[in-house]
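*Asks:* Input file: my_file-v8.json. Contents: JSON, C-alpha atoms.
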[["chain", "number", "residue", "atom", "x", "y", "z"],
["A", 1144, "MET", "CA", 6.58, -10.76, -23.24],
["A", 1145, "SER", "CA", 4.49, -12.26, -20.40],
["A", 1146, "LYS", "CA", 0.75, -11.86, -20.15],
["A", 1147, "THR", "CA", 1.12, -9.39, -17.29],
["A", 1148, "GLU", "CA", 3.44, -7.06, -19.21],
["A", 1149, "ARG", "CA", 2.13, -4.30, -21.41],
["A", 1150, "PRO", "CA", 3.70, -2.69, -24.48],
["A", 1151, "ASP", "CA", 6.07, 0.20, -23.86],
["A", 1152, "LEU", "CA", 5.09, 3.71, -24.88],
["A", 1153, "THR", "CA", 7.76, 4.57, -27.44],
["A", 1154, "LEU", "CA", 8.93, 8.02, -28.41],
["A", 1155, "ASP", "CA", 7.64, 7.39, -31.95],
["A", 1156, "GLU", "CA", 4.17, 6.63, -30.59],
["A", 1157, "LEU", "CA", 4.18, 9.70, -28.37],
["A", 1158, "LEU", "CA", 5.17, 11.96, -31.25],
["A", 1159, "LEU", "CA", 2.39, 10.58, -33.46],
["A", 1160, "GLU", "CA", -0.38, 10.33, -30.87],
["A", 1161, "LEU", "CA", 0.32, 13.84, -29.59],
["A", 1162, "GLN", "CA", 0.42, 15.04, -33.22],
["A", 1163, "LEU", "CA", 3.84, 16.57, -32.73],
["A", 1164, "LEU", "CA", 4.97, 15.00, -36.02],
["A", 1165, "SER", "CA", 3.21, 13.54, -39.04],
["A", 1166, "ALA", "CA", 3.92, 9.94, -40.01],
["A", 1167, "GLN", "CA", 5.86, 11.17, -43.04],
["A", 1168, "HIS", "CA", 8.06, 13.50, -40.99],
["A", 1169, "LEU", "CA", 8.64, 10.81, -38.40],
["A", 1170, "ASN", "CA", 9.86, 8.41, -41.08],
["A", 1171, "GLU", "CA", 12.17, 11.06, -42.52],
["A", 1172, "PHE", "CA", 13.72, 11.96, -39.16],
["A", 1173, "THR", "CA", 13.99, 8.32, -38.11],
["A", 1174, "ALA", "CA", 16.00, 7.67, -41.28],
["A", 1175, "LEU", "CA", 18.14, 10.75, -40.60],
["A", 1176, "SER", "CA", 18.69, 9.57, -37.03],
["A", 1177, "LYS", "CA", 19.96, 6.20, -38.22],
["A", 1178, "LYS", "CA", 22.18, 7.81, -40.83],
["A", 1179, "THR", "CA", 23.83, 10.23, -38.38],
["A", 1180, "GLY", "CA", 23.90, 7.87, -35.40],
["A", 1181, "LEU", "CA", 22.17, 10.44, -33.22],
["A", 1182, "ALA", "CA", 19.18, 9.53, -31.08],
["A", 1183, "LEU", "CA", 15.83, 10.41, -32.64],
["A", 1184, "GLY", "CA", 15.00, 12.93, -29.93],
["A", 1185, "LYS", "CA", 18.35, 14.70, -30.33],
["A", 1186, "THR", "CA", 17.87, 14.76, -34.11],
["A", 1187, "LEU", "CA", 14.47, 16.43, -33.70],
["A", 1188, "VAL", "CA", 15.86, 19.05, -31.31],
["A", 1189, "LEU", "CA", 18.78, 19.89, -33.62],
["A", 1190, "SER", "CA", 16.31, 20.15, -36.51],
["A", 1191, "HIS", "CA", 14.14, 22.51, -34.42],
["A", 1192, "MET", "CA", 11.15, 20.18, -34.70],
["A", 1193, "ILE", "CA", 10.67, 20.07, -30.93],
["A", 1194, "SER", "CA", 12.29, 21.97, -28.07],
["A", 1195, "GLU", "CA", 14.82, 20.49, -25.65],
["A", 1196, "ALA", "CA", 12.36, 21.12, -22.81],
["A", 1197, "ASN", "CA", 9.56, 19.22, -24.54],
["A", 1198, "LEU", "CA", 11.89, 16.35, -25.40],
["A", 1199, "GLU", "CA", 12.81, 16.05, -21.72],
["A", 1200, "LYS", "CA", 9.10, 15.95, -20.86],
["A", 1201, "LEU", "CA", 8.49, 13.19, -23.39],
["A", 1202, "LEU", "CA", 11.42, 11.12, -22.15],
["A", 1203, "LYS", "CA", 10.41, 11.54, -18.53],
["A", 1204, "LEU", "CA", 6.83, 10.63, -19.38],
["A", 1205, "GLN", "CA", 8.10, 7.48, -21.11],
["A", 1206, "ALA", "CA", 10.05, 6.46, -18.02],
["A", 1207, "ILE", "CA", 7.17, 7.13, -15.63],
["A", 1208, "TYR", "CA", 4.76, 5.23, -17.87],
["A", 1209, "ARG", "CA", 7.23, 2.35, -17.93],
["A", 1210, "GLY", "CA", 7.70, 2.35, -14.18],
["A", 1211, "CYS", "CA", 4.16, 3.13, -13.00],
["A", 1212, "LYS", "CA", 0.79, 1.62, -13.75],
["A", 1213, "ILE", "CA", -0.90, 4.63, -15.35],
["A", 1214, "PRO", "CA", -3.38, 4.55, -18.25],
["A", 1215, "ARG", "CA", -1.97, 5.42, -21.67],
["A", 1216, "GLN", "CA", -4.56, 8.15, -22.31],
["A", 1217, "MET", "CA", -3.82, 9.70, -18.92],
["A", 1218, "ALA", "CA", -0.14, 9.94, -19.86],
["A", 1219, "LEU", "CA", -1.01, 11.69, -23.12],
["A", 1220, "ASP", "CA", -3.39, 14.09, -21.39],
["A", 1221, "ALA", "CA", -0.72, 14.88, -18.80],
["A", 1222, "TYR", "CA", 1.73, 15.96, -21.52],
["A", 1223, "ARG", "CA", -0.87, 18.18, -23.20],
["A", 1224, "CYS", "CA", -1.74, 19.72, -19.84],
["A", 1225, "SER", "CA", 1.92, 20.34, -19.00],
["A", 1226, "THR", "CA", 2.59, 22.14, -22.28],
["A", 1227, "THR", "CA", -0.60, 24.22, -22.49],
["A", 1228, "GLU", "CA", -0.51, 25.30, -18.83],
["A", 1229, "GLY", "CA", 3.26, 25.61, -18.45],
["A", 1230, "LEU", "CA", 3.51, 22.80, -15.88],
["A", 1231, "THR", "CA", 6.19, 20.21, -15.26],
["A", 1232, "ILE", "CA", 5.37, 16.69, -16.42],
["A", 1233, "GLU", "CA", 4.96, 15.67, -12.76],
["A", 1234, "GLU", "CA", 2.42, 18.45, -12.22],
["A", 1235, "GLY", "CA", 0.61, 17.42, -15.39],
["A", 1236, "LEU", "CA", 0.42, 13.84, -14.17],
["A", 1237, "ALA", "CA", -0.74, 15.02, -10.75],
["A", 1238, "ARG", "CA", -3.62, 16.80, -12.49],
["A", 1239, "ALA", "CA", -4.52, 13.41, -13.93],
["A", 1240, "GLY", "CA", -4.48, 11.81, -10.48],
["A", 1241, "VAL", "CA", -1.25, 9.85, -10.42],
["A", 1242, "PHE", "CA", 0.75, 11.90, -7.92],
["A", 1243, "ALA", "CA", 1.28, 8.99, -5.54],
["A", 1244, "GLN", "CA", 2.75, 6.74, -8.22],
["A", 1245, "ILE", "CA", 5.18, 9.48, -9.28],
["A", 1246, "ILE", "CA", 6.33, 9.93, -5.69],
["A", 1247, "SER", "CA", 6.94, 6.20, -5.52],
["A", 1248, "PHE", "CA", 8.73, 6.14, -8.88],
["A", 1249, "SER", "CA", 11.17, 8.93, -8.03],
["A", 1250, "ARG", "CA", 11.54, 8.07, -4.32],
["A", 1251, "LEU", "CA", 15.25, 7.26, -4.56],
["A", 1252, "GLY", "CA", 16.08, 10.56, -6.23],
["A", 1253, "LEU", "CA", 13.99, 12.56, -3.78],
["A", 1254, "LEU", "CA", 15.61, 10.79, -0.85],
["A", 1255, "LEU", "CA", 19.07, 11.67, -2.16],
["A", 1256, "VAL", "CA", 18.06, 15.31, -2.75],
["A", 1257, "ASP", "CA", 16.44, 15.64, 0.69],
["A", 1258, "ALA", "CA", 19.62, 14.19, 2.25],
["A", 1259, "LYS", "CA", 21.57, 16.83, 0.29],
["A", 1260, "LEU", "CA", 23.76, 14.22, -1.38],
["A", 1261, "ILE", "CA", 22.76, 15.57, -4.81],
["A", 1262, "SER", "CA", 21.07, 18.73, -6.05],
["A", 1263, "LYS", "CA", 17.72, 18.94, -7.81],
["A", 1264, "ASN", "CA", 19.57, 19.87, -11.01],
["A", 1265, "GLN", "CA", 21.75, 16.77, -10.69],
["A", 1266, "LEU", "CA", 18.65, 14.64, -10.19],
["A", 1267, "ASP", "CA", 16.90, 16.13, -13.22],
["A", 1268, "GLU", "CA", 19.96, 15.57, -15.40],
["A", 1269, "ALA", "CA", 20.42, 12.01, -14.14],
["A", 1270, "GLN", "CA", 16.74, 11.23, -14.74],
["A", 1271, "ARG", "CA", 17.06, 12.61, -18.29],
["A", 1272, "LEU", "CA", 20.09, 10.41, -18.95],
["A", 1273, "ALA", "CA", 18.40, 7.41, -17.34],
["A", 1274, "ASN", "CA", 15.39, 7.93, -19.59],
["A", 1275, "GLU", "CA", 17.58, 8.05, -22.70],
["A", 1276, "THR", "CA", 19.85, 5.11, -21.81],
["A", 1277, "ARG", "CA", 17.26, 3.05, -19.87],
["A", 1278, "PHE", "CA", 19.83, 2.56, -17.12],
["A", 1279, "PRO", "CA", 18.43, 2.63, -13.55],
["A", 1280, "LEU", "CA", 18.58, 6.05, -11.89],
["A", 1281, "GLY", "CA", 20.96, 4.82, -9.20],
["A", 1282, "LYS", "CA", 23.41, 3.38, -11.74],
["A", 1283, "THR", "CA", 23.29, 6.61, -13.74],
["A", 1284, "LEU", "CA", 24.14, 8.65, -10.64],
["A", 1285, "THR", "CA", 27.10, 6.43, -9.73],
["A", 1286, "MET", "CA", 28.40, 6.30, -13.32],
["A", 1287, "HIS", "CA", 28.56, 10.11, -13.40],
["A", 1288, "GLY", "CA", 30.13, 10.40, -9.94],
["A", 1289, "ALA", "CA", 27.17, 12.11, -8.27],
["A", 1290, "ILE", "CA", 27.18, 9.49, -5.51],
["A", 1291, "THR", "CA", 29.32, 6.49, -4.65],
["A", 1292, "GLN", "CA", 28.24, 2.87, -4.99],
["A", 1293, "GLU", "CA", 28.34, 2.63, -1.19],
["A", 1294, "GLN", "CA", 25.98, 5.59, -0.83],
["A", 1295, "LEU", "CA", 23.63, 4.06, -3.39],
["A", 1296, "SER", "CA", 23.62, 0.72, -1.55],
["A", 1297, "LEU", "CA", 22.83, 2.46, 1.73],
["A", 1298, "ALA", "CA", 20.06, 4.54, 0.12],
["A", 1299, "LEU", "CA", 18.44, 1.43, -1.36],
["A", 1300, "GLU", "CA", 18.63, -0.34, 2.01],
["A", 1301, "LEU", "CA", 17.03, 2.68, 3.71],
["A", 1302, "GLN", "CA", 14.28, 2.66, 1.10],
["A", 1303, "ARG", "CA", 13.55, -0.97, 1.92],
["A", 1304, "LEU", "CA", 13.40, -0.26, 5.63],
["A", 1305, "MET", "CA", 11.02, 2.67, 5.00],
["A", 1306, "ARG", "CA", 8.74, 0.47, 2.89],
["A", 1307, "GLU", "CA", 8.68, -2.10, 5.67],
["A", 1308, "ARG", "CA", 7.92, 0.73, 8.12],
["A", 1309, "LYS", "CA", 10.91, -0.12, 10.30],
["A", 1310, "ILE", "CA", 12.20, 3.45, 10.13],
["A", 1311, "THR", "CA", 10.71, 6.85, 9.33],
["A", 1312, "LYS", "CA", 11.83, 9.07, 6.47],
["A", 1313, "ASP", "CA", 13.51, 11.44, 8.95],
["A", 1314, "GLN", "CA", 15.56, 8.56, 10.32],
["A", 1315, "ALA", "CA", 16.54, 7.52, 6.80],
["A", 1316, "LEU", "CA", 17.66, 11.06, 5.99],
["A", 1317, "GLU", "CA", 19.66, 11.26, 9.21],
["A", 1318, "GLN", "CA", 21.60, 8.11, 8.31],
["A", 1319, "LEU", "CA", 22.07, 9.08, 4.67],
["A", 1320, "SER", "CA", 23.20, 12.61, 5.51],
["A", 1321, "LYS", "CA", 26.10, 11.19, 7.51],
["A", 1322, "THR", "CA", 27.69, 10.03, 4.25],
["A", 1323, "LYS", "CA", 27.77, 13.37, 2.42],
["A", 1324, "SER", "CA", 31.19, 14.65, 3.47],
["A", 1325, "GLY", "CA", 33.34, 12.54, 1.19],
["A", 1326, "MET", "CA", 33.36, 9.57, 3.53],
["A", 1327, "SER", "CA", 35.31, 6.48, 2.61],
["A", 1328, "PRO", "CA", 33.50, 3.24, 1.73],
["A", 1329, "GLU", "CA", 34.67, 1.84, 5.06],
["A", 1330, "ALA", "CA", 33.13, 4.77, 6.96],
["A", 1331, "ILE", "CA", 29.86, 4.41, 5.08],
["A", 1332, "ALA", "CA", 29.86, 0.71, 5.89],
["A", 1333, "ARG", "CA", 30.21, 1.63, 9.57],
["A", 1334, "VAL", "CA", 27.15, 3.91, 9.26],
["A", 1335, "GLU", "CA", 25.19, 1.06, 7.74],
["A", 1336, "SER", "CA", 26.37, -1.33, 10.46],
["A", 1337, "ALA", "CA", 25.37, 1.13, 13.18],
["A", 1338, "LEU", "CA", 21.93, 1.45, 11.61],
["A", 1339, "LYS", "CA", 21.44, -2.32, 11.63],
["A", 1340, "THR", "CA", 22.58, -2.51, 15.24],
["A", 1341, "ALA", "CA", 20.12, 0.21, 16.23],
["A", 1342, "LEU", "CA", 17.31, -1.63, 14.47],
["A", 1343, "ASP", "CA", 18.19, -4.85, 16.25],
["A", 1344, "THR", "CA", 18.28, -3.26, 19.69],
["A", 1345, "GLN", "CA", 15.43, -0.77, 19.42],
["A", 1346, "ALA", "CA", 13.08, -1.28, 16.47],
["A", 1347, "VAL", "CA", 10.76, 1.59, 15.61],
["A", 1348, "SER", "CA", 7.19, 0.75, 16.54],
["A", 1349, "THR", "CA", 4.89, 1.01, 13.55],
["A", 1350, "SER", "CA", 2.25, 2.39, 15.92],
["A", 1351, "LYS", "CA", 4.35, 5.57, 16.18],
["A", 1352, "LEU", "CA", 4.12, 6.22, 12.45],
["A", 1353, "PRO", "CA", 1.29, 8.42, 11.17],
["A", 1354, "LYS", "CA", -1.78, 6.41, 10.24],
["A", 1355, "ILE", "CA", -5.03, 7.16, 8.49],
["A", 1356, "ASN", "CA", -7.85, 4.77, 7.73],
["A", 1357, "LEU", "CA", -9.40, 4.46, 4.30],
["A", 1358, "VAL", "CA", -12.80, 5.88, 5.22],
["A", 1359, "GLU", "CA", -11.23, 8.90, 6.90],
["A", 1360, "LEU", "CA", -9.16, 9.61, 3.79],
["A", 1361, "LEU", "CA", -12.24, 9.43, 1.56],
["A", 1362, "VAL", "CA", -14.08, 11.88, 3.83],
["A", 1363, "ILE", "CA", -11.18, 14.36, 3.83],
["A", 1364, "ALA", "CA", -11.06, 14.12, 0.03],
["A", 1365, "GLY", "CA", -14.78, 14.85, -0.22],
["A", 1366, "ILE", "CA", -15.50, 11.54, -1.92],
["A", 1367, "ILE", "CA", -17.98, 10.41, 0.74],
["A", 1368, "THR", "CA", -19.83, 12.24, 3.51],
["A", 1369, "GLU", "CA", -19.36, 11.79, 7.25],
["A", 1370, "HIS", "CA", -22.78, 10.12, 7.30],
["A", 1371, "ASP", "CA", -21.55, 7.62, 4.70],
["A", 1372, "ALA", "CA", -18.48, 7.00, 6.84],
["A", 1373, "ASP", "CA", -20.54, 6.38, 9.98],
["A", 1374, "THR", "CA", -22.73, 3.95, 8.07],
["A", 1375, "ALA", "CA", -19.70, 2.09, 6.72],
["A", 1376, "PHE", "CA", -18.23, 1.74, 10.21],
["A", 1377, "GLU", "CA", -21.54, 0.52, 11.62],
["A", 1378, "VAL", "CA", -22.02, -2.07, 8.88],
["A", 1379, "GLY", "CA", -18.39, -3.14, 9.21],
["A", 1380, "SER", "CA", -18.74, -3.66, 12.95],
["A", 1381, "SER", "CA", -21.74, -5.95, 12.52],
["A", 1382, "THR", "CA", -20.62, -7.85, 9.39],
["A", 1383, "LYS", "CA", -16.83, -7.91, 9.99],
["A", 1384, "GLN", "CA", -16.35, -6.57, 6.43],
["A", 1385, "LYS", "CA", -13.50, -4.30, 5.43],
["A", 1386, "PRO", "CA", -14.40, -0.64, 4.70],
["A", 1387, "GLU", "CA", -13.48, -1.00, 1.01],
["A", 1388, "GLU", "CA", -15.82, -4.00, 0.68],
["A", 1389, "ILE", "CA", -18.71, -2.05, 2.18],
["A", 1390, "LEU", "CA", -18.10, 1.02, 0.03],
["A", 1391, "LYS", "CA", -17.74, -1.11, -3.09],
["A", 1392, "SER", "CA", -20.92, -3.14, -2.47],
["A", 1393, "SER", "CA", -22.91, 0.02, -1.71],
["A", 1394, "ASN", "CA", -21.70, 1.67, -4.97],
["A", 1395, "LEU", "CA", -20.60, 4.74, -3.02],
["A", 1396, "VAL", "CA", -17.10, 4.72, -4.52],
["A", 1397, "PRO", "CA", -15.99, 3.24, -7.89],
["A", 1398, "GLU", "CA", -13.63, 0.28, -7.55],
["A", 1399, "SER", "CA", -10.84, 2.05, -9.48],
["A", 1400, "LEU", "CA", -11.04, 5.03, -7.11],
["A", 1401, "LEU", "CA", -11.00, 2.70, -4.11],
["A", 1402, "ASN", "CA", -7.87, 1.01, -5.39],
["A", 1403, "THR", "CA", -6.13, 4.35, -5.76],
["A", 1404, "ALA", "CA", -7.32, 5.42, -2.31],
["A", 1405, "LEU", "CA", -5.77, 2.27, -0.85],
["A", 1406, "GLU", "CA", -2.44, 3.07, -2.56],
["A", 1407, "LEU", "CA", -2.56, 6.62, -1.21],
["A", 1408, "GLN", "CA", -3.42, 5.32, 2.26],
["A", 1409, "GLU", "CA", -0.32, 3.12, 2.16],
["A", 1410, "SER", "CA", 1.80, 6.09, 1.01],
["A", 1411, "ILE", "CA", 0.54, 8.18, 3.94],
["A", 1412, "ASN", "CA", 1.10, 5.42, 6.47],
["A", 1413, "SER", "CA", 4.62, 4.74, 5.21],
["A", 1414, "GLY", "CA", 5.49, 8.44, 5.53],
["A", 1415, "ASP", "CA", 5.84, 9.15, 1.80],
["A", 1416, "LEU", "CA", 2.82, 11.43, 1.43],
["A", 1417, "ASN", "CA", 0.77, 13.65, 3.70],
["A", 1418, "ALA", "CA", -3.00, 13.40, 4.01],
["A", 1419, "ALA", "CA", -3.64, 16.78, 2.36],
["A", 1420, "ALA", "CA", -1.70, 15.83, -0.79],
["A", 1421, "ALA", "CA", -3.45, 12.45, -0.89],
["A", 1422, "ALA", "CA", -6.87, 14.07, -0.57],
["A", 1423, "GLU", "CA", -6.04, 16.53, -3.36],
["A", 1424, "THR", "CA", -4.95, 13.62, -5.55],
["A", 1425, "LEU", "CA", -8.22, 11.77, -4.97],
["A", 1426, "ASN", "CA", -10.12, 14.90, -5.96],
["A", 1427, "TYR", "CA", -8.11, 15.14, -9.18],
["A", 1428, "ILE", "CA", -8.88, 11.52, -9.98],
["A", 1429, "ALA", "CA", -12.59, 11.83, -9.18],
["A", 1430, "ASN", "CA", -12.91, 14.95, -11.32],
["A", 1431, "TYR", "CA", -10.90, 13.40, -14.15],
["A", 1432, "ALA", "CA", -13.04, 10.25, -14.17],
["A", 1433, "LEU", "CA", -16.32, 12.16, -13.99],
["A", 1434, "ASN", "CA", -15.34, 14.41, -16.87],
["A", 1435, "GLN", "CA", -14.43, 11.59, -19.23],
["A", 1436, "PRO", "CA", -16.98, 10.52, -21.88],
["A", 1437, "ALA", "CA", -18.52, 7.10, -21.33],
["A", 1438, "GLY", "CA", -16.91, 4.15, -23.16]]
Show the structure stored in the file as structure tokens.
*Replies:*
Amino acid sequence: MSKTERPDLTLDELLLELQLLSAQHLNEFTALSKKTGLALGKTLVLSHMISEANLEKLLKLQAIYRGCKIPRQMALDAYRCSTTEGLTIEEGLARAGVFAQIISFSRLGLLLVDAKLISKNQLDEAQRLANETRFPLGKTLTMHGAITQEQLSLALELQRLMRERKITKDQALEQLSKTKSGMSPEAIARVESALKTALDTQAVSTSKLPKINLVELLVIAGIITEHDADTAFEVGSSTKQKPEEILKSSNLVPESLLNTALELQESINSGDLNAAAAAETLNYIANYALNQPAG
């Protein structure tokens, strides 16, 4: 394991840290799992130790933790919040301020659902299977016939173009939707070729995509005042500093919150998130951080 990697959050650890099982019970059911050949989670469900719904939450939380840079404690708190308040695991994580990362993590699935190539139920089932098998979501969908390999390839290419801000999400959906009527691989290839030709002849100007600057986002989120924003702009004009540098040096916004704000800003400007959702997320994060005990 490289220095930049971090340990995975295993199902065993989740069960213990969330106090869903004692160490003794975990050992017993782990042994039973090995004896029967069933996965540990399935063994626990069949033994009525946890519900199927809660197992799905745990597996999804594992996958999101693995794919997104979220604090371990935040992941645990999100599960507790989801179970006590009857929320989905995504909603629980959003309460902990990681909505943007979840959007990024599940972008492929959401793109396929929005293009009406798969249903939300198909996505949920595929994500559950992907969590259990550790196969990529796209591979899981193709293995179970939900989409073709050609559709997956096109979806991944469209994702790349969206990230590079060469096309908008609406344009991606328009291209992807053309493949939903049982088209042959050759026909899908023609769609992809037409898309590349259109990009070559008339690239989408990034200036046409919605933009928001960092200071504006922080004002909308209620993190800084308009007076703070004006001051930051004035100082930036005279010193040629970036807004985040000014806000950081003035101690107006914690560095961790600034980093998240920058990620949200990028999500807005790439068309993945609207400003209202981003502002709500920043409020969640600010409230979460302020309510945590020091140290």
*Asks:* Select, from A:Leu1158, A:Thr1368, A:Ser1190, A:Leu1357, the residue with the minimum atom-to-atom distance to Leu1401 of chain A, counting all atoms listed in the file.
*Replies:*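 Using all atoms listed in the file, the shortest distance to Leu1401 of chain A belongs to A:Leu1357.
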*Asks:* Quick one: residues within 9 Å of Lys1323 of chain A, all atoms listed in the file counted, chain neighbours fewer than 6 positions away excluded, as a PDB file with C-alpha atoms, in the coordinates of the input?
*Replies:*
ATOM      1  CA  ALA A1258      19.620  14.190   2.250  1.00  0.00           C
ATOM      2  CA  LYS A1259      21.570  16.830   0.290  1.00  0.00           C
ATOM      3  CA  LEU A1260      23.760  14.220  -1.380  1.00  0.00           C
ATOM      4  CA  ILE A1290      27.180   9.490  -5.510  1.00  0.00           C
ATOM      5  CA  GLN A1294      25.980   5.590  -0.830  1.00  0.00           C
TER       6      GLN A1294
END
*Asks:* For atom CA of Gln1216 of chain A and atom CA of Ile1232 of chain A, determine how far apart the two atoms are, in Å to one decimal place.
*Replies:* 14.4 Å
*Asks:* My list of candidates is A:Ala1372, A:Leu1198, A:Leu1255, A:Ile1207. Which is closest to Leu1154 of chain A when distances are computed with only C-alpha atoms?
*Replies:*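 Looking only at the distances to Leu1154 of chain A, the closest residue turns out to be A:Leu1198.
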*Asks:* Would you work out the distance separating atom CA of Ala1273 of chain A from atom CA of Leu1202 of chain A, expressed in Å to one decimal?
*Replies:* 9.3 Å
*Asks:* Would you be able to write out as a PDB file with C-alpha atoms, in the coordinates of the input which residues have an atom within 9 Å of (24.5, 13.1, -11.0) in the file's coordinates, counting all atoms listed in the file?
*Replies:*
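Now in out_33.pdb:
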ATOM      1  CA  ILE A1261      22.760  15.570  -4.810  1.00  0.00           C
ATOM      2  CA  SER A1262      21.070  18.730  -6.050  1.00  0.00           C
ATOM      3  CA  ASN A1264      19.570  19.870 -11.010  1.00  0.00           C
ATOM      4  CA  GLN A1265      21.750  16.770 -10.690  1.00  0.00           C
ATOM      5  CA  LEU A1266      18.650  14.640 -10.190  1.00  0.00           C
ATOM      6  CA  ASP A1267      16.900  16.130 -13.220  1.00  0.00           C
ATOM      7  CA  GLU A1268      19.960  15.570 -15.400  1.00  0.00           C
ATOM      8  CA  ALA A1269      20.420  12.010 -14.140  1.00  0.00           C
ATOM      9  CA  GLN A1270      16.740  11.230 -14.740  1.00  0.00           C
ATOM     10  CA  THR A1283      23.290   6.610 -13.740  1.00  0.00           C
ATOM     11  CA  LEU A1284      24.140   8.650 -10.640  1.00  0.00           C
ATOM     12  CA  THR A1285      27.100   6.430  -9.730  1.00  0.00           C
ATOM     13  CA  MET A1286      28.400   6.300 -13.320  1.00  0.00           C
ATOM     14  CA  HIS A1287      28.560  10.110 -13.400  1.00  0.00           C
ATOM     15  CA  GLY A1288      30.130  10.400  -9.940  1.00  0.00           C
ATOM     16  CA  ALA A1289      27.170  12.110  -8.270  1.00  0.00           C
ATOM     17  CA  ILE A1290      27.180   9.490  -5.510  1.00  0.00           C
TER      18      ILE A1290
END
*Asks:* Excluding same-chain residues fewer than 2 positions from Thr1153 of chain A, what lies within 12 Å of it counting all atoms listed in the file, as a list in words?
*Replies:*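 Neighbouring residues, sequence-local ones excluded: Pro1150, Asp1151, Asp1155, Glu1156, Leu1157, Leu1158, Leu1159, Glu1160, Leu1183, Gly1184, Leu1201, Leu1202, Lys1203, Leu1204, Gln1205, Ala1206, Tyr1208, Arg1209, Arg1215, Asn1274 and Glu1275 of chain A.
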*Asks:* Rank nothing, just name the residue among A:Asp1220, A:Ser1392, A:Thr1311, A:Val1256 nearest to Ile1411 of chain A, using only C-alpha atoms.
*Replies:* A:Thr1311
*Asks:* Could you jot down the atom CA of Gln1408 of chain A to atom CA of Asp1313 of chain A separation for me, Å, one decimal place?
*Replies:*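 So the two atoms, atom CA of Gln1408 of chain A and atom CA of Asp1313 of chain A, lie 19.2 Å apart.
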*Asks:* Out of A:Ile1310, A:Leu1230, A:Ile1355, A:Ala1196, which residue has the shortest atom-to-atom distance to Ala1418 of chain A when counting all atoms listed in the file?
*Replies:*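 The shortest atom-to-atom distance to Ala1418 of chain A comes from A:Ile1355.
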*Asks:* Tell me which of A:Ala1237, A:Leu1395, A:Ile1367, A:Ile1389 sits closest to Cys1224 of chain A, counting all atoms listed in the file.
*Replies:*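 Checking each of A:Ala1237, A:Leu1395, A:Ile1367, A:Ile1389 against Cys1224 of chain A, counting all atoms listed in the file, the winner is A:Ala1237.
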*Asks:* Take the point (1.3, 16.4, -26.3) as written in the file and pick out every residue within 7 Å of it, counting only C-alpha atoms; give the list as a list of chain:residue names.
*Replies:*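 Residues with an atom close enough to that point: A:Leu1161, A:Leu1163, A:Leu1219, A:Tyr1222, A:Arg1223.
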*Asks:* So which one's closest to Leu1390 of chain A, A:Leu1181, A:Ala1364, A:Ala1221, A:Val1358? Using only C-alpha atoms, please.
*Replies:*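 Distance minimum relative to Leu1390 of chain A lands on A:Val1358.
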